[in-house]
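Student: Quick one, protein.cif (mmCIF, C-alpha atoms):
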data_query
loop_
_atom_site.group_PDB
_atom_site.id
_atom_site.type_symbol
_atom_site.label_atom_id
_atom_site.label_comp_id
_atom_site.auth_asym_id
_atom_site.auth_seq_id
_atom_site.Cartn_x
_atom_site.Cartn_y
_atom_site.Cartn_z
ATOM 1 C CA GLY A 28 -16.167 80.379 58.704
ATOM 2 C CA GLU A 29 -14.089 83.314 59.884
ATOM 3 C CA GLN A 30 -15.620 83.078 63.371
ATOM 4 C CA ASP A 31 -14.679 79.390 63.553
ATOM 5 C CA LYS A 32 -11.037 80.095 62.654
ATOM 6 C CA GLN A 33 -10.579 82.993 65.065
ATOM 7 C CA PRO A 34 -10.782 80.967 68.313
ATOM 8 C CA GLU A 35 -8.131 78.573 66.969
ATOM 9 C CA LYS A 36 -5.800 81.465 66.292
ATOM 10 C CA ILE A 37 -6.359 82.965 69.728
ATOM 11 C CA GLY A 38 -6.040 79.591 71.372
ATOM 12 C CA GLY A 39 -2.750 78.978 69.550
ATOM 13 C CA ASN A 40 -1.374 82.321 70.706
ATOM 14 C CA ASN A 41 -2.495 81.591 74.248
ATOM 15 C CA ARG A 42 -0.697 78.256 74.218
ATOM 16 C CA ASN A 43 2.490 79.875 72.942
ATOM 17 C CA LEU A 44 2.175 82.658 75.486
ATOM 18 C CA GLN A 45 1.656 80.163 78.290
ATOM 19 C CA LYS A 46 4.684 78.179 77.164
ATOM 20 C CA ALA A 47 6.800 81.320 77.017
ATOM 21 C CA ARG A 48 5.709 82.285 80.528
ATOM 22 C CA GLN A 49 6.622 78.854 81.821
ATOM 23 C CA MET A 50 10.069 79.106 80.237
ATOM 24 C CA GLY A 51 10.491 82.574 81.707
ATOM 25 C CA GLN A 52 9.483 81.354 85.145
ATOM 26 C CA ARG A 53 11.974 78.517 84.910
ATOM 27 C CA GLY A 54 14.728 80.935 83.947
ATOM 28 C CA LYS A 55 13.743 83.297 86.730
ATOM 29 C CA TRP A 56 13.696 80.604 89.409
ATOM 30 C CA SER A 57 16.956 79.207 88.077
ATOM 31 C CA LYS A 58 18.580 82.631 88.449
ATOM 32 C CA THR A 59 17.019 83.036 91.888
ATOM 33 C CA ARG A 60 18.362 79.672 93.044
ATOM 34 C CA GLN A 61 21.827 80.432 91.691
ATOM 35 C CA ALA A 62 21.859 83.896 93.235
ATOM 36 C CA ALA A 63 20.660 82.568 96.605
ATOM 37 C CA GLN A 64 23.666 80.291 96.733
ATOM 38 C CA GLN A 65 25.862 83.350 96.294
ATOM 39 C CA GLY A 66 23.989 85.313 98.967
ATOM 40 C CA MET A 67 22.312 87.801 96.622
ATOM 41 C CA ARG A 68 19.046 88.279 94.737
ATOM 42 C CA TRP A 69 18.784 87.196 91.108
ATOM 43 C CA SER A 70 18.353 90.792 89.952
ATOM 44 C CA ASP A 71 21.277 92.142 91.972
ATOM 45 C CA ARG A 72 24.445 93.124 90.157
ATOM 46 C CA PRO A 73 27.923 93.303 91.637
ATOM 47 C CA PRO A 74 28.962 96.870 92.476
ATOM 48 C CA THR A 75 31.051 98.682 89.909
ATOM 49 C CA ARG A 76 34.684 98.683 90.944
ATOM 50 C CA ILE A 77 36.410 102.037 90.780
ATOM 51 C CA ARG A 78 39.925 101.389 89.530
ATOM 52 C CA GLU A 79 42.795 103.515 90.748
ATOM 53 C CA SER A 80 44.436 105.925 88.359
ATOM 54 C CA SER A 81 48.036 105.350 87.320
ATOM 55 C CA ILE A 82 48.938 108.845 88.539
ATOM 56 C CA ASP A 83 47.402 111.339 90.938
ATOM 57 C CA VAL A 84 45.643 114.046 88.939
ATOM 58 C CA ARG A 85 46.434 117.381 90.550
ATOM 59 C CA PRO A 86 43.793 120.116 90.674
ATOM 60 C CA GLN A 87 46.196 122.783 89.402
ATOM 61 C CA TRP A 88 46.751 120.940 86.130
ATOM 62 C CA GLN A 89 45.154 122.543 83.100
ATOM 63 C CA VAL A 90 42.908 120.320 80.992
ATOM 64 C CA LEU A 91 43.738 120.937 77.346
ATOM 65 C CA GLU A 92 41.448 118.362 75.759
ATOM 66 C CA GLN A 93 39.389 115.312 76.657
ATOM 67 C CA ILE A 94 38.729 112.485 74.192
ATOM 68 C CA MET A 95 35.996 109.953 74.933
ATOM 69 C CA PHE A 96 36.422 106.246 74.209
ATOM 70 C CA THR A 97 33.383 106.361 71.951
ATOM 71 C CA ASP A 98 35.105 108.969 69.780
ATOM 72 C CA LEU A 99 38.251 106.847 69.564
ATOM 73 C CA GLN A 100 36.263 103.855 68.358
ATOM 74 C CA LYS A 101 34.907 105.875 65.439
ATOM 75 C CA MET A 102 38.303 107.133 64.309
ATOM 76 C CA THR A 103 39.981 105.584 61.275
ATOM 77 C CA TRP A 104 43.444 105.995 59.860
ATOM 78 C CA THR A 105 45.043 104.769 56.675
ATOM 79 C CA VAL A 106 48.423 103.394 57.711
ATOM 80 C CA PRO A 107 51.137 103.899 55.100
ATOM 81 C CA GLU A 108 53.554 101.157 54.230
ATOM 82 C CA GLY A 109 56.281 100.767 56.831
ATOM 83 C CA GLU A 110 59.950 101.475 56.232
ATOM 84 C CA GLU A 111 62.848 99.817 58.008
ATOM 85 C CA VAL A 112 65.341 102.477 59.043
ATOM 86 C CA ALA A 113 67.526 100.394 61.387
ATOM 87 C CA ALA A 114 67.913 96.777 62.499
ATOM 88 C CA HIS A 115 69.778 95.881 65.697
ATOM 89 C CA GLY A 116 70.198 92.741 67.777
ATOM 90 C CA THR A 117 69.839 89.040 67.071
ATOM 91 C CA VAL A 118 66.789 86.837 66.526
ATOM 92 C CA GLN A 119 67.153 83.501 68.304
ATOM 93 C CA ALA A 120 65.783 80.290 66.840
ATOM 94 C CA PHE A 121 62.572 78.706 68.101
ATOM 95 C CA GLU A 122 62.828 75.271 69.708
ATOM 96 C CA LYS A 123 60.625 73.122 67.475
ATOM 97 C CA PRO A 124 59.896 70.443 70.134
ATOM 98 C CA TYR A 125 57.733 73.031 71.928
ATOM 99 C CA ASP A 126 55.560 73.208 68.831
ATOM 100 C CA ARG A 127 54.483 69.618 69.478
ATOM 101 C CA VAL A 128 53.618 69.922 73.156
ATOM 102 C CA THR A 129 50.313 68.290 74.118
ATOM 103 C CA PRO A 130 48.575 67.597 77.447
ATOM 104 C CA LYS A 131 50.205 64.146 77.370
ATOM 105 C CA THR A 132 53.674 65.442 76.462
ATOM 106 C CA GLU A 133 53.803 68.404 78.796
ATOM 107 C CA LYS A 134 56.986 70.307 79.630
ATOM 108 C CA THR A 135 57.724 71.978 82.937
ATOM 109 C CA LEU A 136 58.173 75.728 82.826
ATOM 110 C CA GLN A 137 61.680 76.437 84.069
ATOM 111 C CA ALA A 138 62.931 79.487 85.905
ATOM 112 C CA GLN A 139 64.222 82.287 83.733
ATOM 113 C CA GLN A 140 67.092 81.248 81.537
ATOM 114 C CA GLY A 141 69.406 83.325 79.402
ATOM 115 C CA GLY A 142 69.734 87.090 79.512
ATOM 116 C CA PRO A 143 67.409 89.541 81.248
ATOM 117 C CA PHE A 144 64.637 91.609 79.692
ATOM 118 C CA TYR A 145 65.130 95.318 79.102
ATOM 119 C CA ASN A 146 62.163 97.657 79.475
ATOM 120 C CA ALA A 147 63.867 100.805 78.237
ATOM 121 C CA SER A 148 61.747 103.879 77.651
ATOM 122 C CA THR A 149 61.794 105.985 74.497
ATOM 123 C CA SER A 150 64.283 108.553 75.768
ATOM 124 C CA ASP A 151 66.597 105.743 76.953
ATOM 125 C CA ASP A 152 66.671 103.998 73.577
ATOM 126 C CA PRO A 153 70.057 104.697 71.928
ATOM 127 C CA VAL A 154 68.716 103.814 68.467
ATOM 128 C CA LEU A 155 65.870 106.323 68.739
ATOM 129 C CA ALA A 156 68.296 108.887 70.134
ATOM 130 C CA GLU A 157 70.449 108.442 67.028
ATOM 131 C CA LEU A 158 67.412 108.840 64.770
ATOM 132 C CA GLY A 159 66.389 112.012 66.618
ATOM 133 C CA ARG A 160 69.522 113.992 65.949
ATOM 134 C CA ASP A 161 69.469 117.313 64.111
ATOM 135 C CA GLY A 162 68.675 116.946 60.463
ATOM 136 C CA SER A 163 66.624 113.796 60.944
ATOM 137 C CA PRO A 164 63.285 113.632 59.055
ATOM 138 C CA TYR A 165 61.557 111.924 62.033
ATOM 139 C CA ASN A 166 59.788 113.985 64.680
ATOM 140 C CA VAL A 167 57.659 111.585 66.824
ATOM 141 C CA PHE A 168 59.287 108.763 68.801
ATOM 142 C CA ALA A 169 57.768 105.985 70.946
ATOM 143 C CA THR A 170 58.402 102.353 71.855
ATOM 144 C CA ASP A 171 56.292 99.452 70.631
ATOM 145 C CA ALA A 172 54.652 99.021 74.054
ATOM 146 C CA ILE A 173 53.524 102.650 74.166
ATOM 147 C CA LEU A 174 52.193 102.549 70.609
ATOM 148 C CA ALA A 175 50.292 99.329 71.317
ATOM 149 C CA ALA A 176 48.665 100.869 74.407
ATOM 150 C CA ILE A 177 47.563 103.931 72.447
ATOM 151 C CA MET A 178 46.153 101.806 69.618
ATOM 152 C CA ALA A 179 44.203 99.621 72.072
ATOM 153 C CA ALA A 180 43.054 102.542 74.243
ATOM 154 C CA PRO A 181 39.307 102.073 73.506
ATOM 155 C CA ARG A 182 39.502 98.540 74.938
ATOM 156 C CA SER A 183 41.637 99.496 77.918
ATOM 157 C CA ALA A 184 40.165 98.975 81.386
ATOM 158 C CA TYR A 185 43.255 99.658 83.515
ATOM 159 C CA SER A 186 44.638 103.139 83.876
ATOM 160 C CA TRP A 187 47.917 104.148 82.257
ATOM 161 C CA ASP A 188 49.610 107.413 81.379
ATOM 162 C CA VAL A 189 52.298 108.603 78.972
ATOM 163 C CA VAL A 190 54.831 111.370 79.527
ATOM 164 C CA VAL A 191 55.132 113.529 76.388
ATOM 165 C CA THR A 192 58.277 115.642 76.090
ATOM 166 C CA ARG A 193 58.853 118.213 73.370
ATOM 167 C CA VAL A 194 62.431 118.848 72.265
ATOM 168 C CA GLY A 195 62.416 121.437 69.513
ATOM 169 C CA ASN A 196 60.020 120.120 66.887
ATOM 170 C CA ARG A 197 60.258 116.523 68.125
ATOM 171 C CA LEU A 198 57.947 114.665 70.489
ATOM 172 C CA TYR A 199 59.086 111.820 72.768
ATOM 173 C CA LEU A 200 56.448 109.548 74.306
ATOM 174 C CA ASP A 201 57.884 107.968 77.465
ATOM 175 C CA LYS A 202 56.678 105.681 80.228
ATOM 176 C CA ARG A 203 57.283 106.069 83.929
ATOM 177 C CA ASP A 204 59.439 103.687 85.923
ATOM 178 C CA PHE A 205 57.529 100.591 87.101
ATOM 179 C CA SER A 206 54.487 101.715 85.121
ATOM 180 C CA PRO A 207 51.760 99.415 83.715
ATOM 181 C CA PHE A 208 53.786 99.222 80.495
ATOM 182 C CA ASP A 209 56.321 97.016 82.298
ATOM 183 C CA TYR A 210 53.755 94.333 83.174
ATOM 184 C CA ASP A 211 51.299 92.136 81.306
ATOM 185 C CA THR A 212 47.672 92.688 82.263
ATOM 186 C CA CYS A 213 45.490 89.879 83.575
ATOM 187 C CA ASN A 214 41.678 89.679 83.437
ATOM 188 C CA GLU A 215 41.572 93.276 82.218
ATOM 189 C CA THR A 216 38.314 92.933 80.277
ATOM 190 C CA ALA A 217 36.769 90.246 82.500
ATOM 191 C CA HIS A 218 33.902 90.854 84.922
ATOM 192 C CA GLU A 219 36.058 89.712 87.846
ATOM 193 C CA GLN A 220 39.475 91.370 88.065
ATOM 194 C CA GLY A 221 40.584 89.609 91.252
ATOM 195 C CA ASP A 222 40.573 90.524 94.917
ATOM 196 C CA GLU A 223 40.444 94.179 95.887
ATOM 197 C CA ASP A 224 42.877 93.511 98.744
ATOM 198 C CA LYS A 225 46.289 94.657 97.488
ATOM 199 C CA GLU A 226 48.036 92.164 99.777
ATOM 200 C CA SER A 227 46.178 89.204 98.269
ATOM 201 C CA ILE A 228 47.947 86.909 95.818
ATOM 202 C CA ASN A 229 44.882 87.275 93.582
ATOM 203 C CA SER A 230 44.957 91.066 93.441
ATOM 204 C CA PRO A 231 45.196 92.569 89.936
ATOM 205 C CA PHE A 232 48.793 93.700 90.452
ATOM 206 C CA ALA A 233 49.903 90.333 91.863
ATOM 207 C CA LEU A 234 48.279 88.508 88.948
ATOM 208 C CA SER A 235 49.935 90.936 86.544
ATOM 209 C CA GLN A 236 53.349 90.270 88.086
ATOM 210 C CA GLU A 237 52.783 86.527 87.853
ATOM 211 C CA ALA A 238 51.681 86.728 84.216
ATOM 212 C CA THR A 239 54.721 88.845 83.321
ATOM 213 C CA ARG A 240 57.095 86.405 84.985
ATOM 214 C CA VAL A 241 55.458 83.384 83.312
ATOM 215 C CA ASN A 242 55.647 84.980 79.864
ATOM 216 C CA ALA A 243 59.250 86.045 80.404
ATOM 217 C CA CYS A 244 60.314 82.540 81.456
ATOM 218 C CA PHE A 245 58.416 80.999 78.551
ATOM 219 C CA GLN A 246 60.031 83.287 75.989
ATOM 220 C CA HIS A 247 63.506 82.421 77.244
ATOM 221 C CA GLN A 248 62.772 78.710 77.429
ATOM 222 C CA VAL A 249 61.467 78.197 73.880
ATOM 223 C CA VAL A 250 64.358 79.858 72.024
ATOM 224 C CA SER A 251 67.920 78.735 71.404
ATOM 225 C CA ALA A 252 71.120 80.512 70.407
ATOM 226 C CA GLU A 253 71.805 77.758 67.888
ATOM 227 C CA GLY A 254 70.632 78.913 64.494
ATOM 228 C CA ALA A 255 70.228 82.520 65.608
ATOM 229 C CA LYS A 256 70.214 85.148 62.870
ATOM 230 C CA PRO A 257 71.856 88.517 63.600
ATOM 231 C CA PHE A 258 70.714 91.772 62.078
ATOM 232 C CA ALA A 259 72.972 94.303 60.385
ATOM 233 C CA THR A 260 74.077 95.522 63.838
ATOM 234 C CA PRO A 261 74.134 92.390 66.032
ATOM 235 C CA ALA A 262 75.061 94.206 69.258
ATOM 236 C CA HIS A 263 72.252 94.536 71.817
ATOM 237 C CA PRO A 264 71.174 98.207 71.778
ATOM 238 C CA PHE A 265 69.883 98.264 75.367
ATOM 239 C CA ALA A 266 72.725 96.460 77.119
ATOM 240 C CA GLN A 267 74.929 99.537 77.349
ATOM 241 C CA VAL A 268 72.085 101.754 78.584
ATOM 242 C CA ALA A 269 70.153 99.605 81.050
ATOM 243 C CA GLY A 270 73.118 97.514 82.190
ATOM 244 C CA ASP A 271 72.024 94.377 84.002
ATOM 245 C CA ALA A 272 68.257 94.721 84.169
ATOM 246 C CA PRO A 273 66.607 93.076 87.194
ATOM 247 C CA ILE A 274 65.291 89.589 86.556
ATOM 248 C CA LEU A 275 61.539 89.345 87.109
#
Can you present the structure in this file as structure tokens?
Tutor:
Amino acid sequence: GEQDKQPEKIGGNNRNLQKARQMGQRGKWSKTRQAAQQGMRWSDRPPTRIRESSIDVRPQWQVLEQIMFTDLQKMTWTVPEGEEVAAHGTVQAFEKPYDRVTPKTEKTLQAQQGGPFYNASTSDDPVLAELGRDGSPYNVFATDAILAAIMAAPRSAYSWDVVVTRVGNRLYLDKRDFSPFDYDTCNETAHEQGDEDKESINSPFALSQEATRVNACFQHQVVSAEGAKPFATPAHPFAQVAGDAPIL
């Protein structure tokens, strides 16, 4: 009885194995056909693109410490409850008709309207400068863009750098002029980041400029001064420092 059952079991495995091989062959030839249309073999992979650094690393610089991305991913931190120490500016009201936009009721994106955007760095922020005076309990200062970049560092694919300045017992984290912090990234974690030619309209920097301009125009277009709510200090804190910032 056992000898009669054994061939059935082997035959069943052979049929499954044959079916699996057929499926594998189909997948292989499908990949081969698709790769042939792109002028490459199915097993070929696109070359790894070496991205440029945000700053030239000089050989005379001393390396104090290196932290790997894998170590950052394992780090945890219990964030204490936030405290509001100052509130400046005015929050404009959102235009509710834009909340009901559909493919059939589309709205054209207009050129930038309203005031310009200010990309002030930490040392140029008058509010942070006031909080950093002698006798202040705060000792580390940074903007929201710099903090967001540091928090998302393990997922970062584009290079960026931060200038850290010590003044007494206080640390100021600043960005450089026209640094990656001033632009929105595009296709950063995608397999294709755009053309390598810097003069192309599809280069990473050109796409980043376009994305920044689109987001800036959208933010200005969907808000209205009617129904705006001012904070305790309604004056714009950056207007006196940055003056008339260039429109993107």
Student: Near Leu158 of chain A, counting all atoms listed in the file, which residues have an atom at most 9 Å away, once you skip same-chain residues fewer than 6 positions from it, shown as a PyMOL selection string?
Tutor: chain A and resi 112+164-165
Student: Could you list the residues chosen by the PyMOL selection byres ((chain A and resi 183) around 12) in this structure as an MDAnalysis selection string?
Tutor: chainID A and resid 78 96 99:100 175:182 184:188 207 212:217
Student: Between atom CA of Ala138 of chain A and atom CA of Phe205 of chain A, measure the distance and give it in Å to one decimal.
Tutor: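 These two atoms are separated by 21.8 Å.
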Student: Could you state which residues are captured by the PyMOL selection byres ((chain A and resi 248) around 10) in this file, as a list in words?
Tutor: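 Against this file, the PyMOL selection byres ((chain A and resi 248) around 10) returns the residues Phe121, Glu122, Tyr125, Leu136, Gln137, Ala138, Gln139, Gln140, Gly141, Asn242, Ala243, Cys244, Phe245, Gln246, His247, Val249, Val250 and Ser251 of chain A.
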Student: How many Å lie between atom CA of Thr260 of chain A and atom CA of Ala113 of chain A, rounded to one decimal?
Tutor: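 That distance, rounded to one decimal, is 8.5 Å.
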Student: Kindly indicate which residue among A:Tyr199, A:Trp88, A:Trp104, A:Phe232 lies nearest to Ser148 of chain A, using only C-alpha atoms for the distances.
Tutor: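 Answer, going by the shortest atom-to-atom distance: A:Tyr199.
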Student: Quote the spacing between atom CA of Ile82 of chain A and atom CA of Ser235 of chain A in Å to one decimal place.
Tutor: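 Straight-line distance from atom CA of Ile82 of chain A to atom CA of Ser235 of chain A works out to 18.0 Å.
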Student: Set the distance at 12 Å and use only C-alpha atoms: which residues neighbour Gly162 of chain A once local chain neighbours fewer than 6 positions away are removed? I'd like the list as a PyMOL selection string.
Tutor: chain A and resi 195-197
Student: Taking (70.5, 78.8, 66.3) as a centre in this file's frame and 9 Å as the limit, can you find every polymer residue with an atom that close, using all atoms listed in the file, and give them as a list in words?
Tutor: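 Answer for this query, in the requested form: Val118, Gln119, Ala120, Phe121, Val250, Ser251, Ala252, Glu253, Gly254, Ala255 and Lys256 of chain A.
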Student: With the file shown as input, list the residues that the PyMOL selection byres ((chain A and resi 116) around 7) selects, as a VMD selection string.
Tutor: chain A and resid 115 117 to 118 257 to 258 260 to 264
Student: Produce a file of the selected residues containing C-alpha atoms, as a PDB file, in the frame of the given file.
Tutor:
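Once everything was written out, this is part29.pdb:
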ATOM      1  CA  HIS A 115      69.778  95.881  65.697  1.00  0.00           C
ATOM      2  CA  THR A 117      69.839  89.040  67.071  1.00  0.00           C
ATOM      3  CA  VAL A 118      66.789  86.837  66.526  1.00  0.00           C
ATOM      4  CA  PRO A 257      71.856  88.517  63.600  1.00  0.00           C
ATOM      5  CA  PHE A 258      70.714  91.772  62.078  1.00  0.00           C
ATOM      6  CA  THR A 260      74.077  95.522  63.838  1.00  0.00           C
ATOM      7  CA  PRO A 261      74.134  92.390  66.032  1.00  0.00           C
ATOM      8  CA  ALA A 262      75.061  94.206  69.258  1.00  0.00           C
ATOM      9  CA  HIS A 263      72.252  94.536  71.817  1.00  0.00           C
ATOM     10  CA  PRO A 264      71.174  98.207  71.778  1.00  0.00           C
TER      11      PRO A 264
END
Student: Applying 7 Å and all atoms listed in the file, which residues near Asp201 of chain A remain after dropping the ones on its own chain fewer than 5 positions away? List them as a PyMOL selection string.
Tutor: chain A and resi 148-150+169+189-191
Student: Selected residues, C-alpha atoms, written as a PDB file, in the coordinates of the input, please.
Tutor:
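Output contents, as saved in part.pdb:
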ATOM      1  CA  SER A 148      61.747 103.879  77.651  1.00  0.00           C
ATOM      2  CA  THR A 149      61.794 105.985  74.497  1.00  0.00           C
ATOM      3  CA  SER A 150      64.283 108.553  75.768  1.00  0.00           C
ATOM      4  CA  ALA A 169      57.768 105.985  70.946  1.00  0.00           C
ATOM      5  CA  VAL A 189      52.298 108.603  78.972  1.00  0.00           C
ATOM      6  CA  VAL A 190      54.831 111.370  79.527  1.00  0.00           C
ATOM      7  CA  VAL A 191      55.132 113.529  76.388  1.00  0.00           C
TER       8      VAL A 191
END
Student: Could you model N, CA and C atoms for segment 165-194 of chain A and present them as a compact mmCIF listing (two decimals), in the coordinates of the input?
Tutor:
# COMPACT_ATOMS: atom_id res chain seq x y z
N TYR A 165 62.55 112.48 61.11
CA TYR A 165 61.56 111.92 62.03
C TYR A 165 61.33 112.90 63.19
N ASN A 166 60.09 113.01 63.63
CA ASN A 166 59.79 113.98 64.68
C ASN A 166 58.92 113.44 65.81
N VAL A 167 58.44 112.19 65.73
CA VAL A 167 57.66 111.58 66.82
C VAL A 167 58.27 110.22 67.13
N PHE A 168 58.58 109.98 68.41
CA PHE A 168 59.29 108.76 68.80
C PHE A 168 58.54 108.10 69.96
N ALA A 169 58.44 106.77 69.90
CA ALA A 169 57.77 105.98 70.95
C ALA A 169 58.22 104.54 70.81
N THR A 170 58.09 103.78 71.89
CA THR A 170 58.40 102.35 71.86
C THR A 170 57.19 101.56 71.37
N ASP A 171 57.40 100.28 71.10
CA ASP A 171 56.29 99.45 70.63
C ASP A 171 55.22 99.28 71.70
N ALA A 172 55.63 99.20 72.98
CA ALA A 172 54.65 99.02 74.05
C ALA A 172 53.75 100.24 74.18
N ILE A 173 54.32 101.43 74.05
CA ILE A 173 53.52 102.65 74.17
C ILE A 173 52.58 102.78 72.98
N LEU A 174 53.05 102.48 71.79
CA LEU A 174 52.19 102.55 70.61
C LEU A 174 51.05 101.54 70.70
N ALA A 175 51.34 100.34 71.19
CA ALA A 175 50.29 99.33 71.32
C ALA A 175 49.23 99.77 72.32
N ALA A 176 49.64 100.40 73.41
CA ALA A 176 48.66 100.87 74.41
C ALA A 176 47.77 101.97 73.84
N ILE A 177 48.35 102.86 73.05
CA ILE A 177 47.56 103.93 72.45
C ILE A 177 46.58 103.36 71.42
N MET A 178 47.02 102.40 70.63
CA MET A 178 46.15 101.81 69.62
C MET A 178 44.99 101.04 70.24
N ALA A 179 45.24 100.41 71.40
CA ALA A 179 44.20 99.62 72.07
C ALA A 179 43.50 100.41 73.18
N ALA A 180 43.64 101.72 73.17
CA ALA A 180 43.05 102.54 74.24
C ALA A 180 41.55 102.36 74.39
N PRO A 181 40.76 102.25 73.31
CA PRO A 181 39.31 102.07 73.51
C PRO A 181 38.93 100.80 74.25
N ARG A 182 39.79 99.79 74.25
CA ARG A 182 39.50 98.54 74.94
C ARG A 182 40.21 98.47 76.29
N SER A 183 40.88 99.52 76.68
CA SER A 183 41.64 99.50 77.92
C SER A 183 40.71 99.67 79.11
N ALA A 184 40.93 98.87 80.14
CA ALA A 184 40.16 98.98 81.39
C ALA A 184 41.03 99.46 82.53
N TYR A 185 42.32 99.20 82.48
CA TYR A 185 43.26 99.66 83.52
C TYR A 185 43.83 101.01 83.12
N SER A 186 44.13 101.80 84.11
CA SER A 186 44.64 103.14 83.88
C SER A 186 46.13 103.10 83.51
N TRP A 187 46.51 103.97 82.61
CA TRP A 187 47.92 104.15 82.26
C TRP A 187 48.11 105.58 81.78
N ASP A 188 49.32 106.04 81.81
CA ASP A 188 49.61 107.41 81.38
C ASP A 188 50.94 107.44 80.64
N VAL A 189 51.10 108.43 79.79
CA VAL A 189 52.30 108.60 78.97
C VAL A 189 52.85 110.00 79.21
N VAL A 190 54.16 110.08 79.35
CA VAL A 190 54.83 111.37 79.53
C VAL A 190 55.30 111.84 78.15
N VAL A 191 54.78 112.98 77.70
CA VAL A 191 55.13 113.53 76.39
C VAL A 191 56.09 114.69 76.60
N THR A 192 57.25 114.61 75.97
CA THR A 192 58.28 115.64 76.09
C THR A 192 58.56 116.23 74.71
N ARG A 193 58.55 117.55 74.63
CA ARG A 193 58.85 118.21 73.37
C ARG A 193 60.30 118.74 73.43
N VAL A 194 61.06 118.36 72.41
CA VAL A 194 62.43 118.85 72.26
C VAL A 194 62.53 119.46 70.88
